[in-house]
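Undergrad: Sharing a structure, written as structure tokens. Questions coming.
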Amino acid sequence: MKLDWLLYGVALAVGTMVTVNWRDRSMAPPAPPPPSASEISLLASFSPFAQGSIISLPSGQGVATQIDYTGTAFSVSQSGEWIIARDSIRNCAYPFLNIGGNLGVPFKIRKAAGHENYEIAVTSGGTRPLPLADPAALKVGQRAFMPGFPRGEVGEATARFIGRTTLSKSKRFEANESVLAWAESGHTHELKGSLNQLIGGPAVNTSSQVIGITLRHNPRRGRIYTSTPETLHALANPPSRRPDYDREEVITRRNYGTVSDSFRREYRVAQVGCLRT
């Protein structure tokens with residue numbers, strides 16, 4: 001009898017520690033302020049994009065009805081290929097990547113055969129791609145970081161892997177998708193509500209390697225859903241490139257805000273917008 005109670009006590013203690021560990025709130029510091037006018041003037045000169053491809057976005061009164069910021073993209077090729085979520089450019093005739101201030105880079109869209117929930121954006125000029133994680137290394141409980149532009153603002157989230165599930169699409173003619181489910185465990189300080197504009201952005205592991213593509217946030221359940229590594233690899237075509245793994249930063253729950261800022265500053269992660277005229 002005493003042994004039974006002892007075993008019960010040990011199991012309860014272990015369960016409590018695991019629960020507490022999974023519910024940790026690893027908050028990132030507030031996002032940095034937007035670039036000044038003098039900084040914006042330098043962005044076009046030092047960006048990796050072709051000078052002729054950079055456009056000035058409308059500004060002034062009424063801009064809110066002309067520009068929508070709809071999601072996040074990340075580089076998968078030095079030549080200018082980006083993964084985006086189809087939902088972030090739905091019904092958009094003039095999509096672009098925001099590169100800071102009122103500057104944007106329009107992109108062409110290449111369909112991803114067999115993966116209708118995603119598109120490949122193609123720009124004139126590109127930047128160093130993010131490396132891909134080994135699908136076999138995915139473990140329950142591991143942490144991921146989701147940099148991007150939640151709620152149209154600079155920000156990021158972090159979460160722990162729960163398992164695989166199926167994400168049902170609400171719109172007709174859209175296929176359900178096998179995805180990864182993550183338990184949200186932190187985000188940029190003072191960000192509230194849905195983080196769904198992380199859609200299309202990368203979910204990276206502690207070695208700055210992409211595990212999946214961020215798809216949806218369910219704030220009520222505290223869940224973030226991403227694509228599977230298999231879907232990511234099919235879209236990114238890793239045999240066609242050789243990322244420089246030695247230059248990547250180690251990400252922790254204490255520095256993921258800073259590393260995410262580096263991804264955005266180096267144009268490896270960019271904001272997706274739509275110009276409506």
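For the structure tokens, the naming scheme is as follows: chains receive sequential letters (A, B, ...) according to their order of presentation, residues are indexed from 1 within each chain, and ligands are indexed from 1 in presentation order.
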At a cut-off of 6 Å, using only C-alpha atoms, what residues contact stretch 210-225 of chain A? Leave out same-chain residues fewer than 6 positions from it and give the result as a PDB file with all heavy atoms, in the first residue's frame.

TA:
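Contents of the output file selection.pdb:
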```pdb
ATOM      1  N   LEU A 132      16.353  24.322 -44.020  1.00  0.00           N
ATOM      2  CA  LEU A 132      15.237  23.457 -43.639  1.00  0.00           C
ATOM      3  C   LEU A 132      15.686  22.428 -42.612  1.00  0.00           C
ATOM      4  O   LEU A 132      16.798  21.904 -42.680  1.00  0.00           O
ATOM      5  CB  LEU A 132      14.675  22.738 -44.862  1.00  0.00           C
ATOM      6  CG  LEU A 132      14.284  23.606 -46.061  1.00  0.00           C
ATOM      7  CD1 LEU A 132      13.613  22.747 -47.123  1.00  0.00           C
ATOM      8  CD2 LEU A 132      13.393  24.760 -45.650  1.00  0.00           C
ATOM      9  N   ALA A 133      14.788  22.133 -41.665  1.00  0.00           N
ATOM     10  CA  ALA A 133      15.081  21.139 -40.635  1.00  0.00           C
ATOM     11  C   ALA A 133      14.870  19.729 -41.189  1.00  0.00           C
ATOM     12  O   ALA A 133      14.100  19.518 -42.133  1.00  0.00           O
ATOM     13  CB  ALA A 133      14.181  21.364 -39.423  1.00  0.00           C
ATOM     14  N   LEU A 180       0.770  20.220 -38.339  1.00  0.00           N
ATOM     15  CA  LEU A 180       1.321  20.069 -37.000  1.00  0.00           C
ATOM     16  C   LEU A 180       0.586  21.026 -36.054  1.00  0.00           C
ATOM     17  O   LEU A 180       0.328  22.174 -36.408  1.00  0.00           O
ATOM     18  CB  LEU A 180       2.813  20.395 -36.983  1.00  0.00           C
ATOM     19  CG  LEU A 180       3.720  19.666 -37.973  1.00  0.00           C
ATOM     20  CD1 LEU A 180       5.176  20.087 -37.740  1.00  0.00           C
ATOM     21  CD2 LEU A 180       3.560  18.159 -37.873  1.00  0.00           C
ATOM     22  N   ALA A 181       0.259  20.541 -34.863  1.00  0.00           N
ATOM     23  CA  ALA A 181      -0.382  21.370 -33.842  1.00  0.00           C
ATOM     24  C   ALA A 181       0.637  21.720 -32.769  1.00  0.00           C
ATOM     25  O   ALA A 181       1.390  20.858 -32.299  1.00  0.00           O
ATOM     26  CB  ALA A 181      -1.564  20.636 -33.223  1.00  0.00           C
ATOM     27  N   TRP A 182       0.651  22.998 -32.361  1.00  0.00           N
ATOM     28  CA  TRP A 182       1.595  23.510 -31.373  1.00  0.00           C
ATOM     29  C   TRP A 182       0.842  24.220 -30.253  1.00  0.00           C
ATOM     30  O   TRP A 182      -0.152  24.897 -30.508  1.00  0.00           O
ATOM     31  CB  TRP A 182       2.563  24.499 -32.030  1.00  0.00           C
ATOM     32  CG  TRP A 182       3.308  23.962 -33.198  1.00  0.00           C
ATOM     33  CD1 TRP A 182       2.856  23.777 -34.471  1.00  0.00           C
ATOM     34  CD2 TRP A 182       4.670  23.513 -33.208  1.00  0.00           C
ATOM     35  NE1 TRP A 182       3.834  23.257 -35.276  1.00  0.00           N
ATOM     36  CE2 TRP A 182       4.965  23.081 -34.529  1.00  0.00           C
ATOM     37  CE3 TRP A 182       5.673  23.449 -32.234  1.00  0.00           C
ATOM     38  CZ2 TRP A 182       6.207  22.587 -34.899  1.00  0.00           C
ATOM     39  CZ3 TRP A 182       6.921  22.956 -32.596  1.00  0.00           C
ATOM     40  CH2 TRP A 182       7.186  22.525 -33.913  1.00  0.00           C
ATOM     41  N   ALA A 183       1.321  24.070 -29.030  1.00  0.00           N
ATOM     42  CA  ALA A 183       0.750  24.782 -27.890  1.00  0.00           C
ATOM     43  C   ALA A 183       1.484  26.109 -27.725  1.00  0.00           C
ATOM     44  O   ALA A 183       2.698  26.130 -27.459  1.00  0.00           O
ATOM     45  CB  ALA A 183       0.881  23.946 -26.613  1.00  0.00           C
ATOM     46  N   GLU A 184       0.765  27.215 -27.898  1.00  0.00           N
ATOM     47  CA  GLU A 184       1.388  28.529 -27.787  1.00  0.00           C
ATOM     48  C   GLU A 184       1.966  28.722 -26.393  1.00  0.00           C
ATOM     49  O   GLU A 184       1.308  28.444 -25.387  1.00  0.00           O
ATOM     50  CB  GLU A 184       0.370  29.624 -28.073  1.00  0.00           C
ATOM     51  CG  GLU A 184       0.961  31.027 -28.034  1.00  0.00           C
ATOM     52  CD  GLU A 184      -0.087  32.124 -28.081  1.00  0.00           C
ATOM     53  OE1 GLU A 184      -1.256  31.812 -28.392  1.00  0.00           O
ATOM     54  OE2 GLU A 184       0.255  33.282 -27.787  1.00  0.00           O
ATOM     55  N   SER A 194      -5.736  37.596 -32.027  1.00  0.00           N
ATOM     56  CA  SER A 194      -5.283  36.633 -33.023  1.00  0.00           C
ATOM     57  C   SER A 194      -3.938  37.036 -33.617  1.00  0.00           C
ATOM     58  O   SER A 194      -3.664  38.208 -33.853  1.00  0.00           O
ATOM     59  CB  SER A 194      -6.325  36.516 -34.140  1.00  0.00           C
ATOM     60  OG  SER A 194      -5.815  35.770 -35.219  1.00  0.00           O
ATOM     61  N   LEU A 195      -3.122  36.023 -33.887  1.00  0.00           N
ATOM     62  CA  LEU A 195      -1.823  36.233 -34.534  1.00  0.00           C
ATOM     63  C   LEU A 195      -1.856  35.678 -35.959  1.00  0.00           C
ATOM     64  O   LEU A 195      -0.832  35.270 -36.501  1.00  0.00           O
ATOM     65  CB  LEU A 195      -0.716  35.539 -33.731  1.00  0.00           C
ATOM     66  CG  LEU A 195      -0.621  35.908 -32.247  1.00  0.00           C
ATOM     67  CD1 LEU A 195       0.475  35.082 -31.578  1.00  0.00           C
ATOM     68  CD2 LEU A 195      -0.354  37.391 -32.068  1.00  0.00           C
ATOM     69  N   ASN A 196      -3.037  35.674 -36.580  1.00  0.00           N
ATOM     70  CA  ASN A 196      -3.198  34.981 -37.852  1.00  0.00           C
ATOM     71  C   ASN A 196      -2.402  35.582 -38.996  1.00  0.00           C
ATOM     72  O   ASN A 196      -2.215  34.923 -40.021  1.00  0.00           O
ATOM     73  CB  ASN A 196      -4.675  34.892 -38.231  1.00  0.00           C
ATOM     74  CG  ASN A 196      -5.344  33.674 -37.610  1.00  0.00           C
ATOM     75  OD1 ASN A 196      -4.686  32.656 -37.386  1.00  0.00           O
ATOM     76  ND2 ASN A 196      -6.619  33.766 -37.318  1.00  0.00           N
ATOM     77  N   ILE A 199       0.505  33.969 -40.856  1.00  0.00           N
ATOM     78  CA  ILE A 199       0.227  33.003 -41.913  1.00  0.00           C
ATOM     79  C   ILE A 199       1.243  33.125 -43.053  1.00  0.00           C
ATOM     80  O   ILE A 199       1.545  34.213 -43.535  1.00  0.00           O
ATOM     81  CB  ILE A 199      -1.205  33.192 -42.455  1.00  0.00           C
ATOM     82  CG1 ILE A 199      -1.517  32.168 -43.544  1.00  0.00           C
ATOM     83  CG2 ILE A 199      -1.422  34.606 -42.977  1.00  0.00           C
ATOM     84  CD1 ILE A 199      -2.964  32.186 -44.004  1.00  0.00           C
ATOM     85  N   GLY A 200       1.790  31.984 -43.443  1.00  0.00           N
ATOM     86  CA  GLY A 200       2.789  31.942 -44.508  1.00  0.00           C
ATOM     87  C   GLY A 200       4.213  32.075 -44.019  1.00  0.00           C
ATOM     88  O   GLY A 200       5.151  31.807 -44.763  1.00  0.00           O
ATOM     89  N   GLY A 201       4.392  32.489 -42.767  1.00  0.00           N
ATOM     90  CA  GLY A 201       5.732  32.664 -42.221  1.00  0.00           C
ATOM     91  C   GLY A 201       6.343  31.342 -41.779  1.00  0.00           C
ATOM     92  O   GLY A 201       5.672  30.306 -41.726  1.00  0.00           O
ATOM     93  N   PRO A 202       7.628  31.343 -41.443  1.00  0.00           N
ATOM     94  CA  PRO A 202       8.295  30.108 -41.042  1.00  0.00           C
ATOM     95  C   PRO A 202       8.092  29.783 -39.565  1.00  0.00           C
ATOM     96  O   PRO A 202       7.951  30.687 -38.738  1.00  0.00           O
ATOM     97  CB  PRO A 202       9.768  30.423 -41.306  1.00  0.00           C
ATOM     98  CG  PRO A 202       9.868  31.900 -41.009  1.00  0.00           C
ATOM     99  CD  PRO A 202       8.561  32.494 -41.481  1.00  0.00           C
ATOM    100  N   ALA A 203       8.079  28.516 -39.265  1.00  0.00           N
ATOM    101  CA  ALA A 203       8.204  28.040 -37.888  1.00  0.00           C
ATOM    102  C   ALA A 203       9.587  27.413 -37.798  1.00  0.00           C
ATOM    103  O   ALA A 203       9.871  26.438 -38.502  1.00  0.00           O
ATOM    104  CB  ALA A 203       7.128  27.012 -37.547  1.00  0.00           C
ATOM    105  N   VAL A 204      10.482  27.999 -37.000  1.00  0.00           N
ATOM    106  CA  VAL A 204      11.882  27.562 -36.981  1.00  0.00           C
ATOM    107  C   VAL A 204      12.235  26.916 -35.653  1.00  0.00           C
ATOM    108  O   VAL A 204      11.648  27.229 -34.605  1.00  0.00           O
ATOM    109  CB  VAL A 204      12.838  28.743 -37.261  1.00  0.00           C
ATOM    110  CG1 VAL A 204      12.565  29.333 -38.631  1.00  0.00           C
ATOM    111  CG2 VAL A 204      12.710  29.827 -36.208  1.00  0.00           C
ATOM    112  N   LEU A 232       6.595  21.289 -46.500  1.00  0.00           N
ATOM    113  CA  LEU A 232       7.616  22.330 -46.641  1.00  0.00           C
ATOM    114  C   LEU A 232       8.704  21.906 -47.616  1.00  0.00           C
ATOM    115  O   LEU A 232       9.090  22.677 -48.516  1.00  0.00           O
ATOM    116  CB  LEU A 232       8.228  22.628 -45.265  1.00  0.00           C
ATOM    117  CG  LEU A 232       9.481  23.498 -45.255  1.00  0.00           C
ATOM    118  CD1 LEU A 232       9.155  24.917 -45.693  1.00  0.00           C
ATOM    119  CD2 LEU A 232      10.106  23.497 -43.863  1.00  0.00           C
TER     120      LEU A 232
END
```

Undergrad: Have a look at A:Ile55, A:Ala112, A:Ala144, A:Leu235 and name the one nearest to A:Ile251; count only C-alpha atoms.

TA: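 Smallest distance to A:Ile251 is found for A:Ala144.
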
Undergrad: What parts of stretch 41-112 of chain A does DSSP call strand (DSSP E)? I'd like the answer as a short mmCIF file (atom, residue, chain, number, x, y, z; two decimals) with all heavy atoms, in the first residue's frame.

TA:
```cif
data_model
loop_
_atom_site.label_atom_id
_atom_site.label_comp_id
_atom_site.auth_asym_id
_atom_site.auth_seq_id
_atom_site.Cartn_x
_atom_site.Cartn_y
_atom_site.Cartn_z
N ILE A 55 9.04 49.70 -55.59
CA ILE A 55 8.04 50.73 -55.82
C ILE A 55 7.78 51.52 -54.54
O ILE A 55 8.05 51.04 -53.44
CB ILE A 55 6.71 50.14 -56.32
CG1 ILE A 55 6.11 49.20 -55.27
CG2 ILE A 55 6.91 49.42 -57.65
CD1 ILE A 55 4.71 48.71 -55.60
N SER A 56 7.29 52.73 -54.70
CA SER A 56 6.85 53.54 -53.56
C SER A 56 5.36 53.29 -53.35
O SER A 56 4.56 53.44 -54.29
CB SER A 56 7.10 55.03 -53.82
OG SER A 56 8.49 55.29 -53.90
N ILE A 67 -4.20 49.78 -49.22
CA ILE A 67 -3.20 48.78 -48.91
C ILE A 67 -3.69 47.89 -47.77
O ILE A 67 -4.15 48.38 -46.74
CB ILE A 67 -1.87 49.43 -48.49
CG1 ILE A 67 -1.30 50.25 -49.65
CG2 ILE A 67 -0.86 48.37 -48.07
CD1 ILE A 67 -0.03 50.97 -49.29
N ASP A 68 -3.62 46.59 -47.98
CA ASP A 68 -3.91 45.62 -46.93
C ASP A 68 -2.65 44.80 -46.67
O ASP A 68 -2.02 44.32 -47.62
CB ASP A 68 -5.04 44.67 -47.34
CG ASP A 68 -6.37 45.36 -47.47
OD1 ASP A 68 -6.59 46.36 -46.75
OD2 ASP A 68 -7.20 44.92 -48.30
N TYR A 69 -2.30 44.65 -45.40
CA TYR A 69 -1.21 43.76 -45.04
C TYR A 69 -1.83 42.45 -44.56
O TYR A 69 -2.62 42.43 -43.62
CB TYR A 69 -0.31 44.40 -43.99
CG TYR A 69 0.50 45.53 -44.60
CD1 TYR A 69 0.21 46.87 -44.31
CD2 TYR A 69 1.51 45.27 -45.50
CE1 TYR A 69 0.94 47.90 -44.88
CE2 TYR A 69 2.24 46.29 -46.10
CZ TYR A 69 1.95 47.60 -45.79
OH TYR A 69 2.66 48.61 -46.38
N THR A 70 -1.45 41.36 -45.23
CA THR A 70 -2.24 40.14 -45.12
C THR A 70 -1.50 38.92 -44.61
O THR A 70 -2.12 37.87 -44.39
CB THR A 70 -2.83 39.79 -46.50
OG1 THR A 70 -1.76 39.77 -47.47
CG2 THR A 70 -3.85 40.83 -46.93
N GLY A 71 -0.19 39.00 -44.46
CA GLY A 71 0.52 37.81 -44.01
C GLY A 71 2.02 37.97 -44.01
O GLY A 71 2.55 39.10 -44.02
N THR A 72 2.72 36.84 -44.04
CA THR A 72 4.18 36.80 -43.93
C THR A 72 4.72 35.86 -45.00
O THR A 72 4.04 34.91 -45.41
CB THR A 72 4.58 36.29 -42.53
OG1 THR A 72 4.03 37.17 -41.53
CG2 THR A 72 6.09 36.24 -42.36
N ALA A 73 5.92 36.13 -45.48
CA ALA A 73 6.61 35.27 -46.44
C ALA A 73 8.03 35.02 -45.94
O ALA A 73 8.54 35.78 -45.12
CB ALA A 73 6.65 35.92 -47.82
N PHE A 74 8.67 33.96 -46.44
CA PHE A 74 10.08 33.74 -46.10
C PHE A 74 10.83 33.19 -47.30
O PHE A 74 10.27 32.50 -48.16
CB PHE A 74 10.24 32.84 -44.88
CG PHE A 74 9.78 31.41 -45.05
CD1 PHE A 74 10.68 30.39 -45.33
CD2 PHE A 74 8.43 31.08 -44.90
CE1 PHE A 74 10.26 29.08 -45.46
CE2 PHE A 74 8.00 29.78 -45.03
CZ PHE A 74 8.92 28.77 -45.31
N SER A 75 12.10 33.54 -47.36
CA SER A 75 12.94 33.22 -48.51
C SER A 75 13.33 31.74 -48.52
O SER A 75 13.75 31.19 -47.50
CB SER A 75 14.20 34.08 -48.48
OG SER A 75 15.11 33.68 -49.49
N VAL A 76 13.21 31.13 -49.71
CA VAL A 76 13.68 29.75 -49.88
C VAL A 76 14.67 29.64 -51.03
O VAL A 76 15.10 28.55 -51.39
CB VAL A 76 12.51 28.76 -50.11
CG1 VAL A 76 11.67 28.64 -48.84
CG2 VAL A 76 11.65 29.18 -51.29
N SER A 77 15.06 30.79 -51.60
CA SER A 77 16.04 30.76 -52.69
C SER A 77 16.72 32.11 -52.81
O SER A 77 16.07 33.15 -52.77
CB SER A 77 15.35 30.42 -54.02
OG SER A 77 16.24 30.61 -55.11
N GLU A 81 12.88 33.45 -54.47
CA GLU A 81 11.68 32.63 -54.32
C GLU A 81 11.27 32.63 -52.85
O GLU A 81 12.11 32.49 -51.97
CB GLU A 81 11.93 31.20 -54.80
CG GLU A 81 12.15 31.10 -56.29
CD GLU A 81 12.38 29.68 -56.75
OE1 GLU A 81 12.92 28.87 -55.96
OE2 GLU A 81 12.04 29.37 -57.90
N TRP A 82 9.97 32.78 -52.62
CA TRP A 82 9.41 32.91 -51.28
C TRP A 82 8.18 32.02 -51.14
O TRP A 82 7.37 31.93 -52.07
CB TRP A 82 8.98 34.36 -51.02
CG TRP A 82 10.02 35.38 -51.32
CD1 TRP A 82 10.46 35.77 -52.56
CD2 TRP A 82 10.77 36.13 -50.38
NE1 TRP A 82 11.43 36.72 -52.44
CE2 TRP A 82 11.65 36.97 -51.11
CE3 TRP A 82 10.78 36.21 -48.98
CZ2 TRP A 82 12.52 37.86 -50.49
CZ3 TRP A 82 11.63 37.09 -48.36
CH2 TRP A 82 12.50 37.89 -49.11
N ILE A 83 8.04 31.40 -50.00
CA ILE A 83 6.82 30.66 -49.73
C ILE A 83 5.81 31.61 -49.10
O ILE A 83 6.14 32.38 -48.18
CB ILE A 83 7.07 29.46 -48.79
CG1 ILE A 83 7.85 28.36 -49.55
CG2 ILE A 83 5.76 28.90 -48.25
CD1 ILE A 83 8.16 27.14 -48.72
N ILE A 84 4.59 31.57 -49.61
CA ILE A 84 3.49 32.34 -49.04
C ILE A 84 2.26 31.44 -48.93
O ILE A 84 2.16 30.43 -49.63
CB ILE A 84 3.15 33.59 -49.88
CG1 ILE A 84 2.79 33.19 -51.31
CG2 ILE A 84 4.28 34.59 -49.88
CD1 ILE A 84 2.32 34.35 -52.16
N ALA A 85 1.33 31.80 -48.05
CA ALA A 85 0.07 31.08 -47.95
C ALA A 85 -0.91 31.65 -48.97
O ALA A 85 -0.99 32.86 -49.17
CB ALA A 85 -0.51 31.21 -46.54
N PRO A 95 -0.08 41.95 -55.49
CA PRO A 95 0.59 41.61 -54.23
C PRO A 95 2.03 42.12 -54.22
O PRO A 95 2.65 42.29 -55.27
CB PRO A 95 0.55 40.08 -54.21
CG PRO A 95 0.59 39.70 -55.65
CD PRO A 95 -0.19 40.77 -56.38
N PHE A 96 2.57 42.35 -53.03
CA PHE A 96 3.94 42.82 -52.91
C PHE A 96 4.51 42.43 -51.56
O PHE A 96 3.77 42.05 -50.64
CB PHE A 96 4.01 44.35 -53.08
CG PHE A 96 3.31 45.12 -51.98
CD1 PHE A 96 3.99 45.51 -50.83
CD2 PHE A 96 1.96 45.44 -52.09
CE1 PHE A 96 3.34 46.20 -49.81
CE2 PHE A 96 1.31 46.14 -51.08
CZ PHE A 96 2.00 46.52 -49.94
N LEU A 97 5.83 42.52 -51.44
CA LEU A 97 6.52 42.37 -50.16
C LEU A 97 6.88 43.76 -49.66
O LEU A 97 7.45 44.57 -50.42
CB LEU A 97 7.78 41.53 -50.30
CG LEU A 97 7.63 40.10 -50.80
CD1 LEU A 97 9.00 39.42 -50.85
CD2 LEU A 97 6.67 39.30 -49.94
N ASN A 98 6.56 44.05 -48.42
CA ASN A 98 6.96 45.33 -47.83
C ASN A 98 8.40 45.21 -47.37
O ASN A 98 8.76 44.27 -46.65
CB ASN A 98 6.05 45.69 -46.66
CG ASN A 98 6.40 47.03 -46.06
OD1 ASN A 98 7.37 47.15 -45.33
ND2 ASN A 98 5.60 48.03 -46.35
N ILE A 99 9.27 46.16 -47.78
CA ILE A 99 10.68 46.09 -47.37
C ILE A 99 11.05 47.23 -46.43
O ILE A 99 12.22 47.49 -46.21
CB ILE A 99 11.62 46.06 -48.59
CG1 ILE A 99 11.51 47.33 -49.43
CG2 ILE A 99 11.33 44.83 -49.44
CD1 ILE A 99 12.60 47.43 -50.50
N GLY A 100 10.03 47.88 -45.89
CA GLY A 100 10.29 48.93 -44.91
C GLY A 100 9.70 50.26 -45.32
O GLY A 100 9.81 50.66 -46.49
N LEU A 103 8.08 51.40 -48.97
CA LEU A 103 8.70 50.74 -50.12
C LEU A 103 8.23 49.29 -50.23
O LEU A 103 8.11 48.59 -49.22
CB LEU A 103 10.23 50.77 -49.99
CG LEU A 103 10.88 52.15 -49.94
CD1 LEU A 103 12.38 52.02 -49.78
CD2 LEU A 103 10.54 52.97 -51.18
N GLY A 104 7.96 48.86 -51.44
CA GLY A 104 7.51 47.49 -51.66
C GLY A 104 8.14 46.88 -52.89
O GLY A 104 8.67 47.59 -53.76
N VAL A 105 8.11 45.56 -52.96
CA VAL A 105 8.62 44.82 -54.12
C VAL A 105 7.49 43.92 -54.64
O VAL A 105 7.14 42.94 -53.97
CB VAL A 105 9.84 43.96 -53.74
CG1 VAL A 105 10.30 43.14 -54.95
CG2 VAL A 105 10.98 44.83 -53.24
N PRO A 106 6.89 44.23 -55.78
CA PRO A 106 5.85 43.36 -56.35
C PRO A 106 6.43 41.99 -56.68
O PRO A 106 7.63 41.86 -56.96
CB PRO A 106 5.43 44.11 -57.62
CG PRO A 106 5.85 45.52 -57.40
CD PRO A 106 7.11 45.44 -56.58
N LYS A 108 5.60 38.03 -58.72
CA LYS A 108 4.78 37.16 -59.55
C LYS A 108 4.49 35.89 -58.76
O LYS A 108 5.21 35.54 -57.83
CB LYS A 108 5.50 36.84 -60.85
CG LYS A 108 5.76 38.07 -61.72
CD LYS A 108 6.48 37.68 -63.00
CE LYS A 108 6.72 38.92 -63.86
NZ LYS A 108 7.45 38.58 -65.12
N ILE A 109 3.44 35.21 -59.15
CA ILE A 109 3.00 34.03 -58.41
C ILE A 109 3.19 32.79 -59.27
O ILE A 109 2.82 32.76 -60.44
CB ILE A 109 1.52 34.15 -58.00
CG1 ILE A 109 1.34 35.34 -57.06
CG2 ILE A 109 1.04 32.87 -57.34
CD1 ILE A 109 -0.10 35.70 -56.83
N ARG A 110 3.82 31.77 -58.68
CA ARG A 110 3.95 30.48 -59.33
C ARG A 110 3.16 29.45 -58.52
O ARG A 110 3.35 29.33 -57.32
CB ARG A 110 5.42 30.07 -59.43
CG ARG A 110 5.63 28.85 -60.30
CD ARG A 110 7.09 28.52 -60.50
NE ARG A 110 7.68 27.93 -59.31
CZ ARG A 110 8.79 28.33 -58.74
NH1 ARG A 110 9.46 29.36 -59.23
NH2 ARG A 110 9.26 27.73 -57.66
N LYS A 111 2.29 28.74 -59.18
CA LYS A 111 1.48 27.75 -58.49
C LYS A 111 2.35 26.61 -57.96
O LYS A 111 3.35 26.24 -58.55
CB LYS A 111 0.42 27.18 -59.44
CG LYS A 111 -0.57 28.21 -59.97
CD LYS A 111 -1.41 28.77 -58.84
CE LYS A 111 -2.44 29.76 -59.39
NZ LYS A 111 -3.25 30.36 -58.28
#
```

Undergrad: Would you pick out the contacts of A:Tyr267 at 9 Å or less, using only C-alpha atoms, so that residues sharing its chain but fewer than 2 positions from it are not included, and give the list as a VMD selection string?

TA: chain A and resid 47 to 48 74 to 75 99 126 to 128 262 to 265 269 to 270

Undergrad: Could you pull out all residues of stretch 37-267 of chain A with a DSSP call of alpha helix (DSSP H) and give them as a list in words?

TA: Ala37, Ser38, Glu39, Ile40, Ser41, Leu42, Leu43, Ala44, Ser45, Phe46, Pro229, Glu230, Thr231, Leu232, His233, Ala234, Leu235, Ala236, Tyr256, Gly257, Thr258, Val259, Ser260, Asp261, Ser262, Phe263, Arg264 and Arg265 of chain A

Undergrad: So, with only C-alpha atoms as the atoms that count, which of A:Phe49, A:Asn117, A:Arg151, A:Asp134 lies closest to A:Ser168?

TA: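 The answer is A:Asn117, which sits nearest to A:Ser168.
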
Undergrad: Which residues, written as an NGL selection string, have at least one atom at most 10 Å from A:Cys92, with only C-alpha atoms counted and residues fewer than 2 positions away on the same chain left out?

TA: :A and (68 or 87-90 or 94-96 or 273-276)

Undergrad: Could you write out that same residue set with N, CA and C atoms as a PDB file, in the first residue's frame?

TA:
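This went into part_37.pdb:
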```pdb
ATOM      1  N   ASP A  68      -3.616  46.593 -47.982  1.00  0.00           N
ATOM      2  CA  ASP A  68      -3.912  45.618 -46.927  1.00  0.00           C
ATOM      3  C   ASP A  68      -2.653  44.803 -46.671  1.00  0.00           C
ATOM      4  N   ASP A  87      -4.020  31.956 -48.811  1.00  0.00           N
ATOM      5  CA  ASP A  87      -5.029  32.819 -48.187  1.00  0.00           C
ATOM      6  C   ASP A  87      -4.560  34.264 -48.050  1.00  0.00           C
ATOM      7  N   SER A  88      -3.249  34.489 -47.967  1.00  0.00           N
ATOM      8  CA  SER A  88      -2.756  35.851 -47.746  1.00  0.00           C
ATOM      9  C   SER A  88      -2.803  36.706 -49.004  1.00  0.00           C
ATOM     10  N   ILE A  89      -3.017  36.097 -50.177  1.00  0.00           N
ATOM     11  CA  ILE A  89      -3.100  36.893 -51.408  1.00  0.00           C
ATOM     12  C   ILE A  89      -4.383  36.592 -52.182  1.00  0.00           C
ATOM     13  N   ARG A  90      -5.348  36.005 -51.516  1.00  0.00           N
ATOM     14  CA  ARG A  90      -6.602  35.665 -52.186  1.00  0.00           C
ATOM     15  C   ARG A  90      -7.269  36.929 -52.750  1.00  0.00           C
ATOM     16  N   TYR A  94      -2.540  42.838 -57.105  1.00  0.00           N
ATOM     17  CA  TYR A  94      -1.223  43.470 -57.032  1.00  0.00           C
ATOM     18  C   TYR A  94      -0.553  43.172 -55.691  1.00  0.00           C
ATOM     19  N   PRO A  95      -0.081  41.945 -55.486  1.00  0.00           N
ATOM     20  CA  PRO A  95       0.591  41.609 -54.229  1.00  0.00           C
ATOM     21  C   PRO A  95       2.030  42.120 -54.216  1.00  0.00           C
ATOM     22  N   PHE A  96       2.565  42.349 -53.034  1.00  0.00           N
ATOM     23  CA  PHE A  96       3.943  42.825 -52.912  1.00  0.00           C
ATOM     24  C   PHE A  96       4.506  42.425 -51.559  1.00  0.00           C
ATOM     25  N   GLY A 273       1.793  42.148 -48.615  1.00  0.00           N
ATOM     26  CA  GLY A 273       0.758  43.171 -48.720  1.00  0.00           C
ATOM     27  C   GLY A 273       0.017  43.063 -50.033  1.00  0.00           C
ATOM     28  N   CYS A 274      -1.105  43.761 -50.104  1.00  0.00           N
ATOM     29  CA  CYS A 274      -1.905  43.788 -51.326  1.00  0.00           C
ATOM     30  C   CYS A 274      -2.264  45.244 -51.628  1.00  0.00           C
ATOM     31  N   LEU A 275      -1.950  45.678 -52.820  1.00  0.00           N
ATOM     32  CA  LEU A 275      -2.284  47.034 -53.260  1.00  0.00           C
ATOM     33  C   LEU A 275      -3.598  46.959 -54.031  1.00  0.00           C
ATOM     34  N   ARG A 276      -4.593  47.635 -53.509  1.00  0.00           N
ATOM     35  CA  ARG A 276      -5.923  47.627 -54.142  1.00  0.00           C
ATOM     36  C   ARG A 276      -6.189  49.002 -54.734  1.00  0.00           C
TER      37      ARG A 276
END
```

Undergrad: Ranking A:Thr123, A:Gln78, A:Asn102, A:Asn205 by minimum distance to A:Ser59 and counting only C-alpha atoms, which one comes first?

TA: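 Closest residue, counting only C-alpha atoms: A:Asn102.
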
Undergrad: Can you tell me which residues surround A:Arg25 at a distance of at most 12 Å, considering only C-alpha atoms, apart from same-chain residues fewer than 6 positions away, and format the answer as a list in words?

TA: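 Near A:Arg25, the qualifying residues are Ala157, Thr158, Ala159, Arg160, Ala183, Glu184, Ser185, Gly186, His187, Thr188, His189, Gly222, Arg253 and Arg254 of chain A.
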
Undergrad: Residues at most 10 Å from A:Asn255, counting only C-alpha atoms, excluding those fewer than 4 positions away in the same chain, as a count of residues only?

TA: 8
